[in-house]
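Q: The structure under discussion is supplied below as structure tokens; questions concerning it will follow.
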Amino acid sequence: MIEIFQWSTLATCGLIAAARIPSALRGENRSLFYIFALMTAAIFLSIEAPYIAVDRALGGINLANLLLRFIIFSAIYFVGIRVTRGFGADHAYRLITGRLGMMVLLVISLVMTALFFLMDTVGSSAGLSATSGKSELNFALVEYYGAAGRAYPSYVSLVLLPAMVRAVGSRLPVLVRFAAGLLALGGIAIALTLLFPLVPPEWGALEFIVNYTAVLCFVLGLALIWAARVRNSRSPGPKRTSTEA
Amino acid sequence: MTLPAKAFQRWLQGIAPDASTADVCRISGIKRTTLAQQLVRGKVSVSTVVSISRAYNINPVAALADFEPYRELAGPQQPPARCELVSQISTADLLRAMLARPGMDPAGEPGDKPPALSPAPHATSVKNWVDAIDDGEVRHRVSAATGIAPQNYSAQLTANRLSAELAVATARAAGVGAASGLVATGLITEEEAGWPPDARQAALDSLSDGDLAALAGDRLQALGKVLRRQEQDQAQTEKIWENLG
């Protein structure tokens with residue numbers, strides 16, 4: 001069940017990324033293509049079989065996991081920039097690209113990398129489950145490493161959240177408001193990942209659902225804004241006025 | 001706003017006893033599926049009654065008076081006040097009239113006689129009508145009498161919409177003729193409401209240059225606000241397309 005869901009999410013995201021290739025070649029908003037491509041890569045690496053294959057190629061010490069974390073960081077960073085720019089959320093933009101945002105990114109990245117190399121990571125295993133089982137120290141390190149990996153995406157999505165909630169209630173086109181709602185939902189889901197250490201192990205499926213809800217909400221939200229633009233440029237139509245009967 | 005299907009069937013029996021639903025639709029130009037759906041749901045729209053009564057040469061105001069919520073439309077109507085008549089003149093017509101006034105340019109040649117007024121309603125006729133009859137408390141009384149939340153009522157006025165029931169309730173709360181609001185919402189024509197053919201023109205002509213200039217100024221100011229807001233919305237949407245499209 002979970003596998004089907006993973007592969008179909010991958011397919012959705014991959015298709016959207018592929019669909020962006022022509023406009024990326026024309027030079028329209030290339031960073032959006034990068035966002036979709038990075039997200040596709042992240043989903044790819046989060047599935048067990050591809051993860052093992054990639055990691056073996058990288059030496060079998062779970063470097064692919066570290067790579068996955070940084071792919072997620074860069075994807076969420078670009079999402080943050082594009083979305084705050086688009087929605088005119090200048091304060092949020094500064095919180096991501098300004099000194100504070102850069103400090104947060106740097107500290108979290110350093111801590112995460114340090115934790116990674118403190119662990120005994122030999123032997124590819126998705127989600128570092130094998131590493132976690134090696135010793136109590138490794139178990140604790142994997143927990144902290146995971147928390148660091150979730151911290152930066154949570155920071156960005158919490159920064160985005162107020163602007164998205166505002167956009168939902170604005171007078172923007174309906175599709176855009178719906179997309180903002182999806183982005184807000186994705187942001188909430190990512191922020192909820194911070195609470196994962198509190199989730200009892202037998203509810204592992206819950207973590208999975210929250211993760212994939214977040215990814216799907218972000219991908220579909222961004223794709224929807226793109227669709228809204230395509231729709232808008234195809235039917236310029238009479239300008240809708242608030243005085244219309 | 002809707003009328004109960006039972007009352008509608010009884011009314012239809014009274015005006016077209018032998019006509020089938022198909023006949024009624026054909027004569028009145030209502031889509032058969034539309035009427036069928038309204039009958040199935042038990043809620044017939046006011047505009048359906050208006051279209052059918054016009055097709056059978058019955059004054060729609062008299063037809064509506066057959067239904068419980070619109071009893072007060074029966075009998076002779078209070079004639080429209082001057083402010084109501086002027087409120088149903090479009091901003092463009094008011095400005096044209098102003099240009100032709102001597103007060104506009106005392107030294108110059110008198111302007112051309114402006115063309116005939118375009119028929120009511122116009123793009124802001126609902127809001128202008130309510131503003132014209134508002135003693136400052138009308139909105140309050142309407143919301144108390146009908147239970148509509150003040151912000152919903154305002155939103156309808158801003159969108160130049162008002163349900164027939166609310167239009168009648170507003171007229172009642174302001175103590176003006178019950179049919180005036182139905183003219184402002186465009187449900188019925190001035191003639192059907194019993195307004196004399198040149199009433200609006202006469203009301204306009206009776207305004208002094210000063211009053212007309214002040215009124216035109218108010219209208220322009222309101223128009224400026226609406227247009228500026230639209231431009232801001234448009235700019236915000238463009239920004240989203242530019243960054244996320």
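Residue names in the structure tokens use chain letters A, B, ... in the order shown, residue numbers from 1 in each chain, and ligand numbers from 1 in the order shown.
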Can you tell me, as a PyMOL selection string, what residues are no more than 10 Å from A:Asn29 when counting only C-alpha atoms, ignoring any on the same chain fewer than 5 positions away?

A: (chain A and resi 20+23-24+34+82) or (chain B and resi 241-245)

Q: May I have the residues from that selection written out with N, CA and C atoms, as a CSV table (one decimal), in the first residue's frame?

A:
chain,number,residue,atom,x,y,z
A,20,ARG,N,7.5,20.8,-17.0
A,20,ARG,CA,8.1,22.2,-16.9
A,20,ARG,C,9.3,22.3,-17.8
A,23,SER,N,9.1,25.0,-20.7
A,23,SER,CA,9.2,26.4,-20.2
A,23,SER,C,10.5,26.7,-19.6
A,24,ALA,N,11.2,25.7,-19.0
A,24,ALA,CA,12.5,25.9,-18.4
A,24,ALA,C,13.5,26.2,-19.6
A,34,TYR,N,13.6,23.6,-11.2
A,34,TYR,CA,14.6,23.0,-10.2
A,34,TYR,C,13.8,22.5,-9.0
A,82,ARG,N,10.7,31.6,-3.9
A,82,ARG,CA,9.7,31.9,-4.9
A,82,ARG,C,8.3,32.3,-4.4
B,241,TRP,N,2.2,35.3,-11.0
B,241,TRP,CA,2.5,34.6,-12.2
B,241,TRP,C,4.0,34.7,-12.5
B,242,GLU,N,4.5,35.9,-12.3
B,242,GLU,CA,5.9,36.2,-12.7
B,242,GLU,C,6.8,35.2,-11.9
B,243,ASN,N,6.5,35.0,-10.6
B,243,ASN,CA,7.4,34.3,-9.7
B,243,ASN,C,7.1,32.8,-9.7
B,244,LEU,N,5.8,32.4,-9.9
B,244,LEU,CA,5.4,31.0,-9.7
B,244,LEU,C,4.7,30.4,-10.9
B,245,GLY,N,4.5,31.2,-11.9
B,245,GLY,CA,3.7,30.7,-13.1
B,245,GLY,C,4.6,29.9,-14.0

Q: Would you list the contacts of B:Asp233 as number ranges by chain, taking every protein, DNA or RNA residue within 8 Å and counting only C-alpha atoms, but skipping same-chain residues closer than 3 positions in sequence?

A: A: 171-172; B: 229-230, 236-237

Q: Which residues are close to A:Gly14, i.e. within 10 Å by only C-alpha atoms, leaving aside same-chain residues fewer than 4 positions away? Reply as an MDAnalysis selection string.

A: chainID A and resid 8:10 18:20 36:41 43:44

Q: Selected residues, N, CA and C atoms, written as a PDB file, in the first residue's frame, please.

A:
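Final file, result-v4.pdb:
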ATOM      1  N   SER A   8       3.490   6.407  -6.826  1.00  0.00           N
ATOM      2  CA  SER A   8       2.588   7.303  -7.560  1.00  0.00           C
ATOM      3  C   SER A   8       2.908   8.760  -7.239  1.00  0.00           C
ATOM      4  N   THR A   9       3.327   9.032  -6.005  1.00  0.00           N
ATOM      5  CA  THR A   9       3.772  10.403  -5.702  1.00  0.00           C
ATOM      6  C   THR A   9       4.978  10.758  -6.562  1.00  0.00           C
ATOM      7  N   LEU A  10       5.898   9.791  -6.661  1.00  0.00           N
ATOM      8  CA  LEU A  10       7.081  10.017  -7.488  1.00  0.00           C
ATOM      9  C   LEU A  10       6.680  10.300  -8.937  1.00  0.00           C
ATOM     10  N   ALA A  18       8.765  17.085 -15.604  1.00  0.00           N
ATOM     11  CA  ALA A  18       8.973  16.915 -17.045  1.00  0.00           C
ATOM     12  C   ALA A  18       8.160  17.940 -17.823  1.00  0.00           C
ATOM     13  N   ALA A  19       6.945  18.208 -17.344  1.00  0.00           N
ATOM     14  CA  ALA A  19       6.094  19.170 -18.039  1.00  0.00           C
ATOM     15  C   ALA A  19       6.675  20.579 -17.980  1.00  0.00           C
ATOM     16  N   ARG A  20       7.517  20.822 -16.984  1.00  0.00           N
ATOM     17  CA  ARG A  20       8.115  22.155 -16.868  1.00  0.00           C
ATOM     18  C   ARG A  20       9.336  22.315 -17.768  1.00  0.00           C
ATOM     19  N   PHE A  36      10.759  21.386  -8.750  1.00  0.00           N
ATOM     20  CA  PHE A  36      10.068  20.120  -9.042  1.00  0.00           C
ATOM     21  C   PHE A  36      11.080  18.991  -9.230  1.00  0.00           C
ATOM     22  N   ALA A  37      12.211  19.295  -9.891  1.00  0.00           N
ATOM     23  CA  ALA A  37      13.224  18.266 -10.110  1.00  0.00           C
ATOM     24  C   ALA A  37      13.821  17.817  -8.777  1.00  0.00           C
ATOM     25  N   LEU A  38      14.118  18.788  -7.898  1.00  0.00           N
ATOM     26  CA  LEU A  38      14.675  18.444  -6.588  1.00  0.00           C
ATOM     27  C   LEU A  38      13.686  17.613  -5.780  1.00  0.00           C
ATOM     28  N   MET A  39      12.398  18.003  -5.855  1.00  0.00           N
ATOM     29  CA  MET A  39      11.395  17.245  -5.108  1.00  0.00           C
ATOM     30  C   MET A  39      11.285  15.825  -5.650  1.00  0.00           C
ATOM     31  N   THR A  40      11.359  15.696  -6.981  1.00  0.00           N
ATOM     32  CA  THR A  40      11.309  14.360  -7.575  1.00  0.00           C
ATOM     33  C   THR A  40      12.481  13.523  -7.076  1.00  0.00           C
ATOM     34  N   ALA A  41      13.676  14.151  -7.070  1.00  0.00           N
ATOM     35  CA  ALA A  41      14.849  13.433  -6.600  1.00  0.00           C
ATOM     36  C   ALA A  41      14.686  13.029  -5.141  1.00  0.00           C
ATOM     37  N   ILE A  43      11.890  12.439  -3.465  1.00  0.00           N
ATOM     38  CA  ILE A  43      10.939  11.328  -3.327  1.00  0.00           C
ATOM     39  C   ILE A  43      11.601  10.031  -3.787  1.00  0.00           C
ATOM     40  N   PHE A  44      12.371  10.144  -4.880  1.00  0.00           N
ATOM     41  CA  PHE A  44      13.071   8.978  -5.425  1.00  0.00           C
ATOM     42  C   PHE A  44      13.962   8.363  -4.351  1.00  0.00           C
TER      43      PHE A  44
END

Q: Could you give me, as a VMD selection string, the residues within 9 Å of stretch 9-13 of chain B, counting only C-alpha atoms and dropping anything in the same chain fewer than 5 positions from it?

A: chain B and resid 4 18 to 19 39 49 52 63 66 to 67

Q: Distance atom CA of B:Gly177-atom CA of B:Pro80, one decimal place?

A: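 Atom-to-atom, atom CA of B:Gly177 and atom CA of B:Pro80 are spaced 6.3 Å apart.
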
Q: May I ask you to extract the residues of chain B within 12 Å of chain A, using only C-alpha atoms, and to give them as a ChimeraX atom specification?

A: /B:121-128,155-163,184-187,222-223,225-245

Q: If you keep C-alpha atoms, can you produce a file of those selected residues as a compact mmCIF listing (two decimals), in the first residue's frame?

A:
# COMPACT_ATOMS: atom_id res chain seq x y z
CA PRO B 121 -29.71 49.36 -13.63
CA HIS B 122 -26.07 50.43 -13.95
CA ALA B 123 -22.80 49.04 -12.61
CA THR B 124 -23.22 50.38 -9.07
CA SER B 125 -26.97 50.89 -8.96
CA VAL B 126 -27.64 48.68 -5.94
CA LYS B 127 -25.12 50.42 -3.72
CA ASN B 128 -26.10 53.87 -4.99
CA ALA B 155 -20.69 42.48 0.60
CA GLN B 156 -23.83 42.08 -1.53
CA LEU B 157 -24.07 45.84 -2.05
CA THR B 158 -20.40 46.09 -3.01
CA ALA B 159 -20.88 43.29 -5.51
CA ASN B 160 -23.92 45.19 -6.89
CA ARG B 161 -26.19 42.31 -5.91
CA LEU B 162 -29.19 42.13 -3.64
CA SER B 163 -31.72 39.34 -3.35
CA ALA B 184 -31.98 48.79 -8.76
CA THR B 185 -31.17 45.08 -8.79
CA GLY B 186 -32.33 44.85 -12.40
CA LEU B 187 -35.05 42.29 -11.68
CA ALA B 222 -16.08 55.65 -5.29
CA LEU B 223 -15.16 54.55 -8.81
CA LYS B 225 -11.45 53.37 -5.09
CA VAL B 226 -12.88 50.34 -6.91
CA LEU B 227 -10.53 50.76 -9.87
CA ARG B 228 -7.50 51.24 -7.67
CA ARG B 229 -8.34 48.12 -5.70
CA GLN B 230 -8.71 46.16 -8.93
CA GLU B 231 -5.38 47.46 -10.13
CA GLN B 232 -3.73 46.40 -6.89
CA ASP B 233 -5.28 42.93 -7.12
CA GLN B 234 -4.14 42.70 -10.71
CA ALA B 235 -0.60 43.74 -9.82
CA GLN B 236 -0.48 41.16 -7.05
CA THR B 237 -1.71 38.44 -9.39
CA GLU B 238 0.87 39.44 -12.02
CA LYS B 239 3.57 39.15 -9.40
CA ILE B 240 2.46 35.63 -8.57
CA TRP B 241 2.47 34.63 -12.25
CA GLU B 242 5.89 36.17 -12.66
CA ASN B 243 7.39 34.26 -9.74
CA LEU B 244 5.41 31.05 -9.65
CA GLY B 245 3.74 30.72 -13.05

Q: Determine, counting only C-alpha atoms, which protein, DNA and RNA residues have an atom within 9 Å of an atom of stretch 94-107 of chain A; residues of the same chain fewer than 4 positions away are not included. Present the result as a PyMOL selection string.

A: chain A and resi 73+77+80-81+89-90+111-112+152+155-156+159

Q: Report the distance between atom CA of B:Pro69 and atom CA of B:Ser20 in Å, rounded to one decimal place.

A: 26.2 Å

Q: Measure the distance from atom CA of B:Ala149 to atom CA of B:Glu165 in Å and round it to one decimal.

A: 14.7 Å

Q: According to DSSP computed on the backbone, where in stretch 2-245 of chain B is there helix (DSSP H, G or I)? Give the residues as a PyMOL selection string.

A: chain B and resi 5-15+21-28+32-41+46-55+60-65+68-73+82-87+91-99+102-104+125-133+138-146+150-158+164-174+180-184+199-205+209-244

Q: Which polymer residues have any atom within 12 Å of an atom of stretch 140-149 of chain A, counting only C-alpha atoms, with same-chain residues fewer than 6 positions away left out, as an MDAnalysis selection string?

A: chainID A and resid 62 65:74 76 104:121 127:134 155 190:198

Q: Taking C-alpha atoms for each residue, export the selection above as a CSV table (one decimal), in the first residue's frame.

A:
chain,number,residue,atom,x,y,z
A,62,ASN,CA,24.3,5.9,3.8
A,65,ASN,CA,20.6,9.8,3.3
A,66,LEU,CA,22.7,13.0,3.9
A,67,LEU,CA,22.3,13.8,0.2
A,68,LEU,CA,18.6,13.4,0.5
A,69,ARG,CA,18.5,15.8,3.5
A,70,PHE,CA,20.4,18.5,1.5
A,71,ILE,CA,18.2,18.0,-1.5
A,72,ILE,CA,15.1,18.6,0.7
A,73,PHE,CA,16.8,21.7,2.2
A,74,SER,CA,17.5,23.2,-1.2
A,76,ILE,CA,12.4,24.0,0.4
A,104,VAL,CA,19.5,28.8,10.8
A,105,LEU,CA,20.4,27.0,7.6
A,106,LEU,CA,24.2,27.0,8.4
A,107,VAL,CA,23.8,25.9,12.0
A,108,ILE,CA,21.3,23.1,11.2
A,109,SER,CA,23.5,21.9,8.2
A,110,LEU,CA,26.6,21.8,10.3
A,111,VAL,CA,25.0,20.0,13.2
A,112,MET,CA,23.3,17.5,10.9
A,113,THR,CA,26.5,16.8,9.0
A,114,ALA,CA,28.5,16.4,12.3
A,115,LEU,CA,25.9,14.0,13.7
A,116,PHE,CA,26.0,12.0,10.5
A,117,PHE,CA,29.7,11.4,10.8
A,118,LEU,CA,29.5,10.6,14.5
A,119,MET,CA,27.2,7.7,13.6
A,120,ASP,CA,28.4,4.2,12.5
A,121,THR,CA,26.6,4.4,9.2
A,127,GLY,CA,15.7,5.7,7.0
A,128,LEU,CA,18.9,4.6,8.8
A,129,SER,CA,16.9,1.9,10.6
A,130,ALA,CA,19.8,-0.5,10.7
A,131,THR,CA,22.2,2.2,12.0
A,132,SER,CA,19.7,3.1,14.7
A,133,GLY,CA,19.6,-0.5,15.9
A,134,LYS,CA,23.4,-0.9,16.3
A,155,TYR,CA,11.5,26.7,9.9
A,190,ILE,CA,6.0,19.9,7.7
A,191,ALA,CA,5.8,21.7,11.0
A,192,LEU,CA,4.1,18.7,12.5
A,193,THR,CA,7.1,16.6,11.6
A,194,LEU,CA,8.9,18.4,14.5
A,195,LEU,CA,6.6,16.4,16.8
A,196,PHE,CA,7.7,13.0,15.4
A,197,PRO,CA,9.8,12.1,18.4
A,198,LEU,CA,6.6,12.1,20.5
